[in-house]
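A.B. asks: Got entry22.csv for you, CSV, C-alpha atoms:
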chain,number,residue,atom,x,y,z
A,154,MET,CA,-74.4,37.4,-9.5
A,155,ALA,CA,-76.1,40.0,-7.4
A,156,CYS,CA,-76.3,43.7,-8.5
A,157,ALA,CA,-73.9,46.0,-6.7
A,158,ASP,CA,-74.3,49.3,-4.9
A,159,THR,CA,-76.1,50.2,-1.6
A,160,PRO,CA,-79.3,48.2,-1.0
A,161,ALA,CA,-82.3,50.3,-1.8
A,162,SER,CA,-84.1,49.1,1.4
A,163,ALA,CA,-82.0,51.7,3.2
A,164,LEU,CA,-84.5,54.2,1.9
A,165,GLY,CA,-87.1,53.0,4.5
A,166,GLN,CA,-89.7,50.5,5.5
A,167,ARG,CA,-92.6,49.4,3.4
A,168,ASN,CA,-96.4,49.4,3.9
A,169,ILE,CA,-96.7,52.3,6.3
A,170,ALA,CA,-99.9,54.3,6.9
A,171,GLY,CA,-102.2,51.5,5.9
A,172,ILE,CA,-101.3,51.2,2.2
A,173,ASP,CA,-101.2,47.5,1.3
A,174,PHE,CA,-99.0,47.1,-1.7
A,175,ASP,CA,-99.0,43.4,-1.1
A,176,GLN,CA,-102.6,43.1,-2.1
A,177,ILE,CA,-103.2,41.2,-5.4
A,178,HIS,CA,-105.9,42.6,-7.7
A,179,ASP,CA,-107.7,40.8,-10.6
A,180,ARG,CA,-107.0,43.1,-13.6
A,181,GLN,CA,-108.3,40.8,-16.4
A,182,GLN,CA,-111.9,41.8,-16.0
A,183,PHE,CA,-111.1,45.3,-17.4
A,184,GLY,CA,-109.0,44.2,-20.4
A,185,SER,CA,-105.6,44.8,-19.0
A,186,VAL,CA,-102.9,44.6,-21.7
A,187,LYS,CA,-100.6,43.2,-19.1
A,188,TRP,CA,-102.7,40.4,-17.9
A,189,ALA,CA,-105.6,39.6,-20.3
A,190,ASN,CA,-105.3,36.8,-22.9
A,191,GLN,CA,-101.6,36.4,-22.5
A,192,TRP,CA,-101.6,32.8,-23.6
A,193,ASP,CA,-102.9,33.8,-27.0
A,194,GLU,CA,-99.3,34.9,-27.8
A,195,PHE,CA,-97.4,31.9,-26.4
A,196,SER,CA,-97.3,28.1,-26.8
A,197,PRO,CA,-96.9,25.7,-25.2
A,198,GLN,CA,-98.6,26.6,-22.0
A,199,VAL,CA,-96.9,25.6,-18.7
A,200,GLU,CA,-99.3,22.8,-17.5
A,201,GLY,CA,-101.3,23.8,-14.4
A,202,GLN,CA,-99.8,27.3,-14.1
A,203,ASP,CA,-101.2,30.7,-14.9
A,204,LEU,CA,-98.8,32.9,-16.7
A,205,LEU,CA,-97.3,35.5,-14.4
A,206,SER,CA,-97.1,38.8,-16.1
A,207,LEU,CA,-94.0,40.8,-15.2
A,208,TRP,CA,-93.4,42.5,-18.5
A,209,THR,CA,-95.1,45.7,-19.7
A,210,ALA,CA,-94.5,48.9,-17.8
A,211,ASP,CA,-97.6,49.5,-15.7
A,212,MET,CA,-98.0,48.6,-12.1
A,213,ASP,CA,-100.4,46.3,-10.3
A,214,PHE,CA,-101.1,48.8,-7.5
A,215,ARG,CA,-104.2,51.0,-7.0
A,216,ALA,CA,-103.6,54.7,-7.6
A,217,PRO,CA,-103.6,57.1,-4.5
A,218,GLU,CA,-106.9,57.1,-2.7
A,219,THR,CA,-107.2,60.9,-3.3
A,220,VAL,CA,-107.1,60.3,-7.0
A,221,ILE,CA,-109.6,57.4,-6.8
A,222,ALA,CA,-112.0,59.6,-4.8
A,223,ARG,CA,-111.8,62.5,-7.2
A,224,LEU,CA,-112.3,60.2,-10.3
A,225,ARG,CA,-115.2,58.5,-8.5
A,226,GLU,CA,-116.8,61.8,-7.8
A,227,ALA,CA,-116.4,62.8,-11.4
A,228,ALA,CA,-117.8,59.5,-12.7
A,229,GLU,CA,-120.8,59.8,-10.4
A,230,HIS,CA,-121.4,63.3,-11.7
A,231,GLY,CA,-122.4,61.6,-14.9
A,232,ILE,CA,-121.7,64.4,-17.4
A,233,TYR,CA,-118.5,63.8,-19.3
A,234,GLY,CA,-118.4,66.8,-21.6
A,235,TYR,CA,-115.5,68.8,-23.0
A,236,THR,CA,-113.1,69.9,-20.4
A,237,ARG,CA,-110.0,72.2,-20.3
A,238,ARG,CA,-106.8,72.8,-18.5
A,239,ASP,CA,-107.0,76.1,-16.7
A,240,PRO,CA,-104.0,78.2,-15.4
A,241,ARG,CA,-104.1,76.3,-12.1
A,242,HIS,CA,-103.4,73.1,-13.9
A,243,TYR,CA,-100.1,74.3,-15.1
A,244,GLU,CA,-99.2,75.8,-11.8
A,245,ILE,CA,-99.7,72.3,-10.3
A,246,VAL,CA,-97.3,70.9,-12.9
A,247,GLN,CA,-94.7,73.6,-12.2
A,248,SER,CA,-94.9,73.2,-8.5
A,249,TRP,CA,-94.5,69.4,-8.7
A,250,PHE,CA,-91.3,69.6,-10.7
A,251,ALA,CA,-89.9,72.5,-8.7
A,252,HIS,CA,-90.4,70.6,-5.5
A,253,ARG,CA,-89.4,67.1,-6.6
A,254,HIS,CA,-86.6,67.9,-9.2
A,255,ASN,CA,-85.5,71.5,-8.6
A,256,TRP,CA,-86.8,72.5,-12.0
A,257,SER,CA,-89.4,75.3,-12.3
A,258,PRO,CA,-90.4,75.8,-15.9
A,259,LYS,CA,-92.0,79.1,-16.7
A,260,LEU,CA,-95.8,78.7,-17.0
A,261,GLU,CA,-95.9,80.1,-20.5
A,262,THR,CA,-93.6,77.3,-21.7
A,263,LEU,CA,-96.0,74.5,-20.8
A,264,LEU,CA,-98.2,73.0,-23.5
A,265,PRO,CA,-101.0,70.4,-23.0
A,266,ALA,CA,-100.6,66.9,-24.5
A,267,PRO,CA,-102.6,63.7,-24.5
A,268,ALA,CA,-99.6,61.5,-23.7
A,269,ILE,CA,-95.8,61.4,-24.3
A,270,MET,CA,-95.5,59.3,-27.5
A,271,PRO,CA,-98.1,61.2,-29.4
A,272,SER,CA,-96.2,64.4,-28.4
A,273,VAL,CA,-92.9,63.0,-29.6
A,274,ALA,CA,-94.6,62.2,-33.0
A,275,ALA,CA,-96.0,65.7,-33.2
A,276,ILE,CA,-92.6,67.2,-32.5
A,277,LEU,CA,-90.9,65.1,-35.1
A,278,ARG,CA,-93.5,65.9,-37.7
A,279,THR,CA,-93.3,69.7,-37.0
A,280,PHE,CA,-89.6,70.2,-36.8
A,281,THR,CA,-88.1,67.5,-39.0
A,282,LYS,CA,-88.8,66.4,-42.6
A,283,PRO,CA,-89.2,62.9,-44.0
A,284,GLY,CA,-85.7,61.4,-44.5
A,285,ASP,CA,-84.1,63.4,-41.7
A,286,GLY,CA,-82.0,61.5,-39.2
A,287,VAL,CA,-83.1,61.1,-35.6
A,288,ILE,CA,-80.7,59.7,-33.0
A,289,VAL,CA,-81.8,57.2,-30.3
A,290,GLN,CA,-79.5,55.4,-27.8
A,291,SER,CA,-80.0,51.7,-27.7
A,292,PRO,CA,-80.9,49.5,-26.0
A,293,VAL,CA,-83.9,51.8,-25.4
A,294,TYR,CA,-87.8,51.9,-25.2
A,295,SER,CA,-88.9,50.2,-28.4
A,296,PRO,CA,-91.7,52.7,-29.4
A,297,TYR,CA,-88.8,55.2,-30.2
A,298,PHE,CA,-88.0,53.0,-33.2
A,299,GLU,CA,-91.6,53.0,-34.3
A,300,VAL,CA,-92.2,56.7,-33.9
A,301,VAL,CA,-89.1,57.6,-35.9
A,302,GLN,CA,-89.5,55.1,-38.7
A,303,GLY,CA,-93.3,55.2,-38.7
A,304,ASN,CA,-93.1,59.0,-39.5
A,305,GLY,CA,-90.7,58.5,-42.3
A,306,ARG,CA,-87.5,59.6,-40.5
A,307,VAL,CA,-84.2,57.8,-40.6
A,308,LEU,CA,-83.3,55.9,-37.4
A,309,LEU,CA,-79.8,56.5,-36.2
A,310,THR,CA,-78.8,54.2,-33.4
A,311,ASN,CA,-76.1,55.4,-31.0
A,312,ARG,CA,-75.4,52.2,-29.0
A,313,LEU,CA,-74.6,52.6,-25.3
A,314,ARG,CA,-71.5,50.9,-24.0
A,315,LEU,CA,-71.9,48.4,-21.1
A,316,GLN,CA,-69.1,48.8,-18.6
A,317,ASN,CA,-69.1,47.1,-15.1
A,318,ASN,CA,-72.9,46.5,-15.3
A,319,ARG,CA,-73.7,50.2,-16.1
A,320,TYR,CA,-74.2,52.0,-19.4
A,321,GLU,CA,-71.9,54.7,-20.6
A,322,LEU,CA,-72.3,57.1,-23.5
A,323,ASP,CA,-70.4,56.6,-26.7
A,324,LEU,CA,-69.9,60.3,-27.4
A,325,GLN,CA,-67.6,59.7,-30.4
A,326,ASP,CA,-70.2,57.7,-32.2
A,327,PHE,CA,-72.9,60.2,-31.2
A,328,GLU,CA,-70.9,63.1,-32.6
A,329,LYS,CA,-70.3,61.2,-35.8
A,330,MET,CA,-74.1,60.8,-36.3
A,331,ALA,CA,-74.7,64.4,-35.4
A,332,ALA,CA,-72.1,65.6,-37.9
A,333,GLY,CA,-73.6,63.3,-40.5
A,334,GLY,CA,-76.8,65.3,-40.7
A,335,ALA,CA,-79.0,64.2,-37.8
A,336,LYS,CA,-81.8,66.8,-37.0
A,337,ALA,CA,-83.1,65.5,-33.7
A,338,PHE,CA,-82.1,63.4,-30.7
A,339,LEU,CA,-84.7,61.4,-28.7
A,340,LEU,CA,-83.4,61.3,-25.1
A,341,CYS,CA,-84.7,58.8,-22.6
A,342,ASN,CA,-84.1,60.4,-19.2
A,343,PRO,CA,-84.1,58.4,-17.0
A,344,HIS,CA,-83.2,55.6,-19.3
A,345,ASN,CA,-85.6,52.8,-20.0
A,346,PRO,CA,-84.9,49.8,-19.7
A,347,ALA,CA,-81.8,50.3,-17.5
A,348,GLY,CA,-83.3,52.9,-15.2
A,349,MET,CA,-80.2,55.1,-15.3
A,350,ALA,CA,-80.3,58.7,-14.3
A,351,TRP,CA,-77.9,60.6,-16.5
A,352,THR,CA,-75.4,62.8,-14.8
A,353,LEU,CA,-75.0,66.6,-15.3
A,354,GLU,CA,-71.7,65.8,-17.0
A,355,GLU,CA,-73.2,63.3,-19.4
A,356,LEU,CA,-76.1,65.6,-20.3
A,357,ALA,CA,-73.8,68.6,-20.8
A,358,ALA,CA,-71.6,66.5,-23.1
A,359,LEU,CA,-74.6,65.6,-25.2
A,360,ASN,CA,-75.8,69.2,-25.2
A,361,ASP,CA,-72.4,70.4,-26.5
A,362,ILE,CA,-72.6,68.1,-29.4
A,363,CYS,CA,-76.2,69.0,-30.2
A,364,GLU,CA,-75.4,72.7,-30.0
A,365,ARG,CA,-72.5,72.4,-32.4
A,366,HIS,CA,-74.6,70.6,-35.0
A,367,GLY,CA,-78.0,72.3,-34.6
A,368,ILE,CA,-79.8,69.2,-33.3
A,369,LEU,CA,-83.1,69.5,-31.4
A,370,VAL,CA,-83.5,67.4,-28.2
A,371,ILE,CA,-86.7,65.6,-27.3
A,372,SER,CA,-86.5,64.4,-23.8
A,373,ASP,CA,-88.9,61.8,-22.4
A,374,ASP,CA,-88.9,62.1,-18.6
A,375,ILE,CA,-91.8,59.8,-17.8
A,376,HIS,CA,-89.8,57.6,-15.4
A,377,CYS,CA,-88.3,60.5,-13.4
A,378,ASP,CA,-90.3,60.4,-10.2
A,379,ILE,CA,-89.6,57.0,-8.6
A,380,ARG,CA,-86.1,57.8,-7.3
A,381,LEU,CA,-84.1,54.8,-6.1
A,382,SER,CA,-80.6,56.1,-5.6
A,383,ASP,CA,-78.7,59.3,-4.7
A,384,ARG,CA,-78.5,60.4,-8.3
A,385,PRO,CA,-80.9,63.3,-8.8
A,386,HIS,CA,-83.1,63.6,-11.9
A,387,ILE,CA,-81.6,66.4,-14.0
A,388,VAL,CA,-84.0,67.9,-16.6
A,389,PHE,CA,-82.1,68.5,-19.8
A,390,SER,CA,-83.4,72.0,-20.3
A,391,SER,CA,-82.2,73.0,-16.8
A,392,ILE,CA,-78.5,72.6,-17.6
A,393,SER,CA,-78.1,75.8,-19.6
A,394,GLU,CA,-79.9,78.4,-21.7
A,395,ASP,CA,-78.9,76.9,-25.0
A,396,ALA,CA,-80.0,73.5,-23.8
A,397,ALA,CA,-83.4,74.9,-22.9
A,398,GLU,CA,-83.7,76.7,-26.3
A,399,LYS,CA,-83.2,73.5,-28.3
A,400,SER,CA,-85.2,71.1,-26.1
A,401,PHE,CA,-88.7,69.7,-25.7
A,402,ILE,CA,-89.3,68.2,-22.2
A,403,CYS,CA,-92.1,65.7,-22.2
A,404,THR,CA,-93.6,64.8,-18.8
A,405,ALA,CA,-96.5,62.8,-17.4
A,406,PRO,CA,-97.7,61.3,-14.1
A,407,THR,CA,-98.8,58.1,-15.7
A,408,LYS,CA,-95.9,55.9,-14.7
A,409,THR,CA,-95.5,57.5,-11.4
A,410,PHE,CA,-99.0,57.0,-10.2
A,411,ASN,CA,-100.1,54.1,-12.4
A,412,LEU,CA,-102.5,56.2,-14.5
A,413,ALA,CA,-101.6,55.0,-18.0
A,414,GLY,CA,-105.3,54.3,-18.8
A,415,VAL,CA,-106.3,57.9,-17.9
A,416,PRO,CA,-103.4,59.8,-19.6
A,417,SER,CA,-102.5,63.4,-19.5
A,418,ALA,CA,-99.1,64.9,-20.3
A,419,THR,CA,-97.3,68.2,-20.5
A,420,ILE,CA,-94.5,69.5,-22.9
A,421,SER,CA,-92.2,72.3,-21.8
A,422,VAL,CA,-90.9,74.3,-24.8
A,423,ALA,CA,-88.7,77.3,-23.8
A,424,SER,CA,-88.4,78.6,-27.4
A,425,LYS,CA,-91.4,80.9,-28.1
A,426,LYS,CA,-91.2,80.4,-31.8
A,427,ARG,CA,-91.0,76.6,-31.6
A,428,ARG,CA,-93.7,76.5,-28.9
A,429,GLU,CA,-96.1,78.4,-31.1
A,430,ALA,CA,-95.4,76.2,-34.1
A,431,LEU,CA,-95.9,73.0,-32.0
A,432,LEU,CA,-99.1,74.2,-30.5
A,433,ALA,CA,-100.4,75.0,-33.9
A,434,ALA,CA,-99.5,71.6,-35.2
A,435,MET,CA,-101.1,69.9,-32.3
A,436,GLN,CA,-104.3,71.9,-32.6
A,437,ALA,CA,-104.4,71.0,-36.3
A,438,SER,CA,-104.3,67.3,-35.2
A,439,PHE,CA,-106.9,67.9,-32.4
A,440,MET,CA,-104.4,66.8,-29.7
A,441,VAL,CA,-105.0,69.5,-27.1
A,442,ASN,CA,-108.5,68.8,-25.8
A,443,ALA,CA,-108.1,67.5,-22.3
A,444,ASN,CA,-109.3,64.0,-21.4
A,445,PHE,CA,-112.0,64.4,-18.8
A,446,PHE,CA,-110.5,62.0,-16.3
A,447,GLY,CA,-106.9,62.4,-17.2
A,448,ARG,CA,-106.8,66.1,-16.4
A,449,LEU,CA,-108.3,65.5,-13.0
A,450,ALA,CA,-106.0,62.5,-12.3
A,451,LEU,CA,-102.9,64.6,-13.0
A,452,GLU,CA,-104.0,67.5,-10.9
A,453,VAL,CA,-104.9,65.4,-7.9
A,454,ALA,CA,-101.9,63.2,-8.1
A,455,TYR,CA,-99.4,66.1,-8.3
A,456,SER,CA,-101.2,68.0,-5.6
A,457,SER,CA,-101.7,65.3,-3.0
A,458,GLY,CA,-99.9,62.1,-4.2
A,459,GLU,CA,-96.5,62.7,-2.7
A,460,PRO,CA,-97.0,60.6,0.5
A,461,TRP,CA,-98.3,57.7,-1.6
A,462,LEU,CA,-95.3,58.0,-4.0
A,463,ASP,CA,-92.8,58.1,-1.1
A,464,GLN,CA,-94.3,54.8,0.3
A,465,LEU,CA,-94.5,53.3,-3.2
A,466,THR,CA,-90.8,54.1,-3.7
A,467,ARG,CA,-89.8,52.3,-0.5
A,468,TYR,CA,-91.8,49.3,-1.6
A,469,ILE,CA,-90.3,49.2,-5.1
A,470,ALA,CA,-86.8,49.6,-3.5
A,471,SER,CA,-87.4,46.6,-1.4
A,472,ASN,CA,-88.7,44.6,-4.4
A,473,ILE,CA,-85.4,45.5,-6.2
A,474,ASP,CA,-83.4,44.3,-3.1
A,475,LEU,CA,-85.3,41.0,-3.3
A,476,VAL,CA,-84.5,40.6,-7.0
A,477,CYS,CA,-80.8,41.4,-6.5
A,478,GLU,CA,-80.4,39.1,-3.5
A,479,PHE,CA,-82.5,36.3,-5.0
A,480,ALA,CA,-80.5,36.4,-8.3
A,481,GLY,CA,-77.3,36.2,-6.4
A,482,GLU,CA,-78.3,33.0,-4.7
A,483,HIS,CA,-80.8,31.3,-7.0
A,484,LEU,CA,-80.6,32.6,-10.6
A,485,PRO,CA,-77.2,31.6,-11.9
A,486,GLY,CA,-76.3,33.3,-15.1
A,487,ILE,CA,-78.5,36.3,-14.5
A,488,THR,CA,-77.1,39.7,-13.4
A,489,PRO,CA,-79.5,42.5,-12.4
A,490,MET,CA,-78.7,46.1,-13.1
A,491,ARG,CA,-79.8,48.2,-10.1
A,492,PRO,CA,-81.8,51.2,-11.4
A,493,ASP,CA,-81.6,54.8,-10.3
A,494,ALA,CA,-85.2,55.3,-11.1
A,495,SER,CA,-88.4,53.5,-12.2
A,496,PHE,CA,-89.9,50.1,-11.3
A,497,LEU,CA,-88.0,48.2,-14.0
A,498,VAL,CA,-85.0,46.0,-13.6
A,499,TRP,CA,-82.7,45.1,-16.6
A,500,LEU,CA,-81.4,41.6,-16.3
A,501,ASP,CA,-78.3,40.5,-18.2
A,502,ALA,CA,-78.8,36.8,-19.2
A,503,CYS,CA,-76.6,36.7,-22.3
A,504,ALA,CA,-74.9,33.4,-21.7
A,505,LEU,CA,-78.2,31.7,-20.8
A,506,ASP,CA,-79.9,33.2,-23.8
A,507,ARG,CA,-77.4,31.5,-26.1
A,508,ARG,CA,-77.6,28.3,-24.2
A,509,VAL,CA,-81.4,28.0,-24.3
A,510,GLY,CA,-82.1,29.6,-27.6
A,511,GLY,CA,-83.9,32.6,-26.3
A,512,ILE,CA,-84.2,33.4,-22.5
A,513,GLN,CA,-87.6,35.2,-22.7
A,514,LYS,CA,-89.3,32.3,-24.4
A,515,PHE,CA,-87.5,29.9,-22.1
A,516,PHE,CA,-89.1,31.5,-19.0
A,517,VAL,CA,-92.5,31.6,-20.7
A,518,ASP,CA,-92.4,28.0,-21.7
A,519,ARG,CA,-90.6,26.5,-18.7
A,520,ALA,CA,-91.6,28.8,-15.8
A,521,GLY,CA,-94.8,30.4,-16.8
A,522,VAL,CA,-93.3,33.9,-16.3
A,523,ASN,CA,-93.6,36.5,-19.0
A,524,LEU,CA,-90.8,39.1,-19.1
A,525,TYR,CA,-89.9,41.6,-21.8
A,526,ASP,CA,-87.4,40.3,-24.4
A,527,GLY,CA,-84.4,42.6,-24.6
A,528,ARG,CA,-84.2,42.2,-28.3
A,529,VAL,CA,-87.1,44.6,-28.8
A,530,TYR,CA,-84.9,47.4,-27.3
A,531,GLY,CA,-82.6,47.3,-30.3
A,532,PRO,CA,-78.9,46.7,-30.7
A,533,GLY,CA,-77.4,45.8,-27.3
A,534,GLY,CA,-80.6,44.3,-26.0
A,535,GLU,CA,-79.9,40.8,-27.2
A,536,GLY,CA,-79.6,38.4,-24.3
A,537,PHE,CA,-81.3,40.7,-21.8
A,538,ILE,CA,-84.7,40.6,-20.3
A,539,ARG,CA,-86.7,43.4,-18.5
A,540,LEU,CA,-88.4,42.6,-15.2
A,541,ASN,CA,-91.3,44.8,-13.9
A,542,VAL,CA,-91.1,44.9,-10.1
A,543,GLY,CA,-94.1,47.2,-9.8
A,544,CYS,CA,-96.2,44.4,-8.5
A,545,PRO,CA,-97.2,42.8,-5.1
A,546,ARG,CA,-94.1,41.1,-3.5
A,547,PRO,CA,-95.9,37.7,-3.3
A,548,LEU,CA,-96.3,37.7,-7.1
A,549,LEU,CA,-92.7,38.8,-7.6
A,550,ARG,CA,-91.4,36.2,-5.3
A,551,GLN,CA,-93.5,33.5,-7.0
A,552,GLY,CA,-92.1,34.6,-10.4
A,553,LEU,CA,-88.5,34.5,-9.2
A,554,GLU,CA,-89.0,31.0,-7.6
A,555,ARG,CA,-90.5,29.7,-10.9
A,556,MET,CA,-87.5,31.1,-12.8
A,557,SER,CA,-85.2,29.5,-10.3
A,558,SER,CA,-86.9,26.1,-10.7
A,559,ALA,CA,-86.7,26.3,-14.5
A,560,LEU,CA,-83.0,27.1,-14.4
A,561,ALA,CA,-82.4,24.2,-12.0
A,562,CYS,CA,-83.6,21.8,-14.6
A,563,LEU,CA,-81.1,22.8,-17.2
Could you express the structure from this file as structure tokens?
C.D. replies:
Amino acid sequence: MACADTPASALGQRNIAGIDFDQIHDRQQFGSVKWANQWDEFSPQVEGQDLLSLWTADMDFRAPETVIARLREAAEHGIYGYTRRDPRHYEIVQSWFAHRHNWSPKLETLLPAPAIMPSVAAILRTFTKPGDGVIVQSPVYSPYFEVVQGNGRVLLTNRLRLQNNRYELDLQDFEKMAAGGAKAFLLCNPHNPAGMAWTLEELAALNDICERHGILVISDDIHCDIRLSDRPHIVFSSISEDAAEKSFICTAPTKTFNLAGVPSATISVASKKRREALLAAMQASFMVNANFFGRLALEVAYSSGEPWLDQLTRYIASNIDLVCEFAGEHLPGITPMRPDASFLVWLDACALDRRVGGIQKFFVDRAGVNLYDGRVYGPGGEGFIRLNVGCPRPLLRQGLERMSSALACL
């Protein structure tokens, strides 16, 4: 069954201005988590086939040439000493979000951070106590479970409701958890793995509940930039003054520009009191020193990377079209959910999962294709698999064809 809604290819053509997203690069030589030593985790191997890696959320594309040139220049400089984020750094962040998402955080609200998940951990340790409840909405990015439980907080799972191949909020259950003593809510905006952009009405409803019960909101906006539908990205703190007062907005260019290996992030904290407390906690944990290359990558990407991103978005959109069309014709039992944002596609394979005793392992063993098992995303993820389409189309097509061949043998 193909995914519904308007084909994303309407957003434009691919591979303009000389950017060749079809080019395949060997990433194993640099220890890529996505590609190196995959077979160590799986057995048996598909005879005569390399394992195609379409799982973890980084892309197989080179970063914008302007970023590469600046990092090359910095590498050749040869002195990799301590570095800092100056006022211009934060102006670049502010300008990017004002232009792309109609959100212009005040410069004084912006704090430096090494990456988003360390920031989430620091916020939880600073503003909640061991044993406090933290709400997450499953199925959701699996490190949320780790950061909550690993820091001694109680995980409260507000399960999303699947309706007509889209997720809806269960506000009644959310309020029950909020009223039961939760202290924080970890929001994934846009949602990972489904790629949903939450609407103003949905965010406002969540904010109302959090306001009534004094719950802090930690919003992870890392997938906000690759826009694939007409739904805008709405930053939680932008919906009202009380939403801004209770929220921590965590942003980074790492997913947008494929910079996960040179990370740099920013946290917007409107509350002066909470901002000062968080900065003090992060300084005590030595989290504020800028990564030499990460700082530069952020600044150049946000300053000059928009043309590259626009072309990438068109390419990703066409890849998603391919997945939806191919699934409708050649992947019986698999229904893709078309994302509003990101380069990830959530595939419903529940019936197949029961039939083969685990769909992710089936595709590894029988097709030589490694996808992310939906079970790691918590309650509601069972029977789903997450497909990363941030890869050259020839690789994606090869993976889909292998999956089709494996299913044909059932």
A.B. asks: As a VMD selection string, please: the residues near Glu554 of chain A (cut-off 12 Å, all atoms listed in the file, same-chain neighbours under 3 positions excluded).
C.D. replies: chain A and resid 205 475 to 476 479 to 480 482 to 484 516 520 to 522 547 to 551 557 to 561
A.B. asks: Find the spatial neighbours of Asp213 of chain A, counting only C-alpha atoms, within a cut-off of 9 Å - ignore same-chain residues fewer than 2 positions away - and output them as a compact mmCIF listing (two decimals) with C-alpha atoms, in the frame of the given file.
C.D. replies:
# COMPACT_ATOMS: atom_id res chain seq x y z
CA PHE A 174 -99.00 47.10 -1.70
CA ILE A 177 -103.20 41.20 -5.40
CA HIS A 178 -105.90 42.60 -7.70
CA ARG A 180 -107.00 43.10 -13.60
CA ASP A 211 -97.60 49.50 -15.70
CA ARG A 215 -104.20 51.00 -7.00
CA ASN A 411 -100.10 54.10 -12.40
CA GLY A 543 -94.10 47.20 -9.80
CA CYS A 544 -96.20 44.40 -8.50
CA PRO A 545 -97.20 42.80 -5.10
A.B. asks: Can you pull out the residues contacting segment 182-187 of chain A? Cut-off 7 Å, using all atoms listed in the file, and skip same-chain residues under 2 positions away; I want them as a PyMOL selection string.
C.D. replies: chain A and resi 179-180+189+206+209
A.B. asks: Include C-alpha atoms and write out the residues we just selected as a compact mmCIF listing (two decimals), in the frame of the given file.
C.D. replies:
# COMPACT_ATOMS: atom_id res chain seq x y z
CA ASP A 179 -107.70 40.80 -10.60
CA ARG A 180 -107.00 43.10 -13.60
CA ALA A 189 -105.60 39.60 -20.30
CA SER A 206 -97.10 38.80 -16.10
CA THR A 209 -95.10 45.70 -19.70
A.B. asks: Using only C-alpha atoms, which of A:Phe298, A:His366, A:Glu459, A:Ser272 sits nearest Gly333 of chain A?
C.D. replies: A:His366
A.B. asks: Take atom CA of His344 of chain A and atom CA of Ala454 of chain A and report the distance between them in Å, one decimal.
C.D. replies: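 Interatomic distance, atom CA of His344 of chain A to atom CA of Ala454 of chain A: 23.1 Å.
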A.B. asks: Which neighbours of Asp506 of chain A fall inside 9 Å, counting only C-alpha atoms, when residues of the same chain fewer than 6 positions from it are skipped, and could you give them as a PyMOL selection string?
C.D. replies: chain A and resi 512-513+515+535-537
A.B. asks: Show me the residues around (-96.8, 63.0, -22.7) - criterion: an atom at most 12 Å away, all atoms listed in the file counted - as a PyMOL selection string.
C.D. replies: chain A and resi 263-276+371-376+401-408+413+415-421+440-441+447+451
A.B. asks: Could you tell me which of A:Ala227, A:Leu359, A:Leu553, A:Val289 comes closest to Phe445 of chain A if we count only C-alpha atoms?
C.D. replies: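 When distances to Phe445 of chain A are compared using only C-alpha atoms, the smallest one comes from A:Ala227.
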A.B. asks: Between A:Asp378, A:Asp463, A:Asp493, A:Asp285, which residue has the minimum interatomic distance to Arg253 of chain A, considering only C-alpha atoms?
C.D. replies: A:Asp378
A.B. asks: Restricting the calculation to only C-alpha atoms: of A:Ala450, A:Leu324, A:Ile538, A:Ala504, which residue gets closest to Thr219 of chain A?
C.D. replies: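 Checking each of A:Ala450, A:Leu324, A:Ile538, A:Ala504 against Thr219 of chain A, counting only C-alpha atoms, the winner is A:Ala450.
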A.B. asks: Rounded to one decimal place, report the atom CA of Ile221 of chain A-atom CA of Leu449 of chain A distance in Å.
C.D. replies: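 Separation between atom CA of Ile221 of chain A and atom CA of Leu449 of chain A: 10.3 Å.
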A.B. asks: Go through A:Pro492, A:Leu524, A:Ala331, A:Met435 one by one, measure the shortest atom-to-atom distance of each to Ile473 of chain A using all atoms listed in the file, and give the residue with the smallest value.
C.D. replies: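 Closest to Ile473 of chain A of all the choices is A:Pro492.
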A.B. asks: What separation in Å, quoted to one decimal, exists between atom CA of Leu315 of chain A and atom CA of Pro292 of chain A?
C.D. replies: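 It comes out at 10.3 Å.
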A.B. asks: Taking all atoms listed in the file into account, name the residue in A:Leu462, A:Val293, A:Val453, A:Ile387 that is nearest to Gly527 of chain A.
C.D. replies: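 Going through A:Leu462, A:Val293, A:Val453, A:Ile387 one by one, the smallest distance to Gly527 of chain A is for A:Val293.
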A.B. asks: Considering all atoms listed in the file, return as JSON, numbers by chain whatever protein or nucleic-acid residues lie within 10 Å of Leu500 of chain A, sequence-local ones (same chain, fewer than 2 positions apart) excluded.
C.D. replies: {"A": [156, 318, 346, 347, 476, 477, 480, 486, 487, 488, 489, 490, 491, 497, 498, 502, 503, 527, 536, 537, 538, 539, 540]}
